[in-house]
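Take a look at the structure set out below.
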Amino acid sequence: MKKVRFLGLDVHAETIAVAVAEPNGEVRSLGIIPNREESIRKLVKKLGPAEHLQACYEAGPTGYVLYWQLTALGVKCEVVAPSLVPVKAGDRVKTDRRDATKLARSYRAGDLTAVWVPDQEHEALRDLVRAREAAKQDQLRARHRLSKFLLRQGRRAPAGIKVWTQKHQQWIKEHVHFEQPAQEYTLLDYLHEVEHMADRMRRLEQAIEEAVKLAPPRMQEVIQALQALRGVAQISAVTIVAELGEISRFDRARELMGYSGAVSSEHSSGKRIQRGPITKTGNAHLRRIAIEAAWAYRHRPTIGAALRKRQEGLSEEVKEIAWKAQHRLHKRYRNLVAAGKEKQKVVTAVGRELLGFIWAIGVQVERNSKRIA
């Protein structure tokens, strides 16, 4: 039986603090090395053989580069969730060396929770989707600056013109002017930024469409199938797949709900059971998509023209799941509102259940693809 040495790595942009948990129980720091491929290769050669090593480090801004480097060298590596690393209540000293030692000790004890590491296709798609999400946030900020500037100056669009439509922007260009040159320059700058953000959004959404066409067939099937759900169009479906990878890696729908952080927190002791707001200790991008899509289920079940078009060519099993989701989630929304719950909390609850239907469709399509393959 081979003796495994467990490595804890505290990774930063320029350095990596290394600690090792030996099979005999000793846990010691090995110092700090440069975060360079050559240094990592030397470390593995020094501690090897590679098949006797298992390494872990916390997910963070350095991404998965170290994971791919160690895997290529034959070392089993796991990226762990930082929020789930055990912390001693009385420990008030934090250094890179101590963090690496704690990781090595906890990894050997099996107390760490690994996160999913995306493959190249999912990581590329996720980068593009998150770029689009960042652009959307920048667009909202640009619009907010312009609208508040106009509000401060008492400039309001005539009745019948909706904000941020072409008519609205045309009205600003033709009818909003200022005597002071400084204010005119400010208006032009804010307006230019709003138009720039709109062009940026169009470019990124077109890039997402092209990326989906070049994605593996199995990924395309899941993206198409998820669009059978009300409130889940192409951008939402692509985001879900990019953030989750293979949906069937979750054994149950509840695991997916927990992964999103949309489940209720709990603090119970003895006979006292106390549940609070959602934990938010999960994938925030997935949670946002689910809650945004959940607003669609406040309306009565129906299949409109856009939804019918998205469902063309899909299997009857997928359509049946999507139709069942409409009835169940609308009923859930209506009952919770009737009970006097706040609408935002109601939509959050509906979004959590929507993740269950997302799981059901994803598992259905992925299993069918495996059988065909």
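Here, A, B, ... name the chains of the structure tokens in the order displayed, residue numbers run from 1 inside each chain, and ligands are numbered from 1 in the same displayed order.
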
DSSP helix (DSSP H, G or I) residues within stretch 16-146 of chain A, as a PyMOL selection string: chain A and resi 37-47+50-52+65-72+82-84+96-109+120-146

Nearby residues (only C-alpha atoms) at most 10 Å from A:Ala17, same-chain spacing under 2 positions excluded, as a PDB file with C-alpha atoms, in the first residue's frame:
ATOM      1  CA  GLY A   8      -1.346  22.184   1.358  1.00  0.00           C
ATOM      2  CA  LEU A   9      -0.686  25.155  -0.936  1.00  0.00           C
ATOM      3  CA  ASP A  10      -1.505  28.749  -0.045  1.00  0.00           C
ATOM      4  CA  VAL A  11      -1.417  30.319  -3.505  1.00  0.00           C
ATOM      5  CA  HIS A  12      -0.848  33.975  -4.345  1.00  0.00           C
ATOM      6  CA  THR A  15       4.320  33.067  -4.273  1.00  0.00           C
ATOM      7  CA  ALA A  19       3.184  22.493   3.737  1.00  0.00           C
ATOM      8  CA  SER A  29       5.913  23.824   6.537  1.00  0.00           C
ATOM      9  CA  LEU A  30       8.253  23.594   3.548  1.00  0.00           C
ATOM     10  CA  GLY A  31       8.583  27.337   3.084  1.00  0.00           C
ATOM     11  CA  ILE A  32       7.562  29.619   0.235  1.00  0.00           C
ATOM     12  CA  ILE A  33       8.358  29.105  -3.450  1.00  0.00           C
ATOM     13  CA  PRO A  34       7.798  31.373  -6.486  1.00  0.00           C
ATOM     14  CA  ASN A  35       4.501  30.819  -8.311  1.00  0.00           C
ATOM     15  CA  THR A  95       0.069  33.804   7.942  1.00  0.00           C
ATOM     16  CA  ASP A  96       0.682  32.124   4.613  1.00  0.00           C
ATOM     17  CA  ARG A  97       2.722  29.353   6.250  1.00  0.00           C
ATOM     18  CA  ARG A  98       0.027  28.659   8.849  1.00  0.00           C
ATOM     19  CA  ASP A  99      -2.666  28.647   6.164  1.00  0.00           C
ATOM     20  CA  ALA A 100      -0.711  26.097   4.116  1.00  0.00           C
ATOM     21  CA  THR A 101      -0.183  23.914   7.216  1.00  0.00           C
TER      22      THR A 101
END

Which residues are close to stretch 356-365 of chain A, i.e. within 7 Å by only C-alpha atoms, leaving aside same-chain residues fewer than 6 positions away? Reply as a ChimeraX atom specification. /A:222,225-226,247-248,253,318,321,325

Only C-alpha atoms, please: the residues just picked out, written as a PDB file, in the first residue's frame.
ATOM      1  CA  VAL A 222     -28.367  20.792 -22.738  1.00  0.00           C
ATOM      2  CA  ALA A 225     -33.234  21.788 -23.666  1.00  0.00           C
ATOM      3  CA  LEU A 226     -33.028  24.256 -20.759  1.00  0.00           C
ATOM      4  CA  ILE A 247     -25.575  18.812 -14.303  1.00  0.00           C
ATOM      5  CA  SER A 248     -25.735  15.057 -13.724  1.00  0.00           C
ATOM      6  CA  ALA A 253     -31.878  18.248  -7.069  1.00  0.00           C
ATOM      7  CA  VAL A 318     -38.285  17.749 -21.777  1.00  0.00           C
ATOM      8  CA  ILE A 321     -40.974  18.669 -17.428  1.00  0.00           C
ATOM      9  CA  ALA A 325     -42.703  23.428 -13.890  1.00  0.00           C
TER      10      ALA A 325
END

Kindly give the distance, in Å, that separates atom CA of A:Arg203 and atom CA of A:Lys136, rounded to a single decimal.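 Here the two named atoms are 12.0 Å from each other.
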
A:Gly304, A:Pro158, A:Gly60, A:Gly245 ranked by distance to A:Met219, top pick (using only C-alpha atoms):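 Among the listed residues, A:Gly245 lies closest to A:Met219.
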
Give me the residues near A:Ile278 as a list of chain:residue names, where near means some atom within 10 Å (using only C-alpha atoms) and where sequence neighbours in that chain fewer than 3 positions away do not count.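 Surrounding residues, per the criterion: A:Gly258, A:Ser260, A:Gly261, A:Ala262, A:Val263, A:Ser264, A:Ser265, A:Glu266, A:Arg275, A:Thr281, A:Lys345, A:Thr348, A:Ala349, A:Arg352.
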
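With atom CA of A:Ala124 on one side and atom CA of A:Ala211 on the other, the separation reads 9.0 Å.
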
I want to know what sits within 9 Å of A:Leu128, based on only C-alpha atoms, with residues of the same chain fewer than 5 positions away left out; could you give that as a ChimeraX atom specification? /A:123,133,204,207-208,211

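Reported to one decimal place, the separation of atom CA of A:Asp91 from atom CA of A:Gly270 is 27.4 Å.
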
Just asking: which residues within stretch 90-310 of chain A are strand (DSSP E or B) according to DSSP, as an MDAnalysis selection string? chainID A and resid 114 264:266 269 272 275:278

Would you mind listing what lies within 10 Å of A:Trp116 as a PyMOL selection string, with only C-alpha atoms counted and same-chain residues fewer than 3 positions away left out? chain A and resi 78-81+113+119+243-246+249

Neighbouring residues of A:Leu53 were defined as those with any atom within 12 Å, considering only C-alpha atoms; residues of the same chain fewer than 2 positions away were excluded. Please report them as a ChimeraX atom specification. /A:2-8,20-23,43-51,55-56,70-71,73-78,104,107-108

Just the selected residues (C-alpha atoms), exported as a compact mmCIF listing (two decimals), in the first residue's frame, please.
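Output saved as selection36.txt:
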# COMPACT_ATOMS: atom_id res chain seq x y z
CA LYS A 2 1.48 3.32 -1.05
CA LYS A 3 1.98 6.06 1.54
CA VAL A 4 0.43 9.33 0.38
CA ARG A 5 1.85 12.72 1.29
CA PHE A 6 -0.73 15.51 1.45
CA LEU A 7 0.34 18.97 0.27
CA GLY A 8 -1.35 22.18 1.36
CA VAL A 20 3.13 18.69 3.83
CA ALA A 21 1.21 16.25 6.03
CA GLU A 22 3.27 13.08 6.28
CA PRO A 23 1.63 9.63 6.54
CA LEU A 43 8.87 20.82 -5.78
CA VAL A 44 7.16 17.71 -7.21
CA LYS A 45 10.53 16.18 -8.10
CA LYS A 46 11.81 16.83 -4.58
CA LEU A 47 8.76 15.35 -2.79
CA GLY A 48 7.85 12.69 -5.35
CA PRO A 49 7.18 10.28 -6.82
CA ALA A 50 4.14 12.15 -8.18
CA GLU A 51 1.73 9.24 -7.71
CA ALA A 55 -2.24 18.50 -3.31
CA CYS A 56 -4.94 21.05 -2.58
CA LEU A 70 0.10 19.66 -11.09
CA THR A 71 -2.25 17.35 -12.98
CA LEU A 73 2.93 16.31 -13.65
CA GLY A 74 0.87 13.34 -12.44
CA VAL A 75 -0.08 14.79 -9.05
CA LYS A 76 -3.67 14.43 -7.88
CA CYS A 77 -4.89 17.94 -7.08
CA GLU A 78 -8.13 19.35 -5.72
CA ALA A 104 -2.44 20.08 4.58
CA TYR A 107 -6.88 17.70 3.59
CA ARG A 108 -5.38 14.60 5.17

Pick from A:Ile235, A:Leu336, A:Ala13, A:Ala59: nearest to A:Val115, with only C-alpha atoms counted?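 Using only C-alpha atoms, A:Val115 sits closest to A:Ala59.
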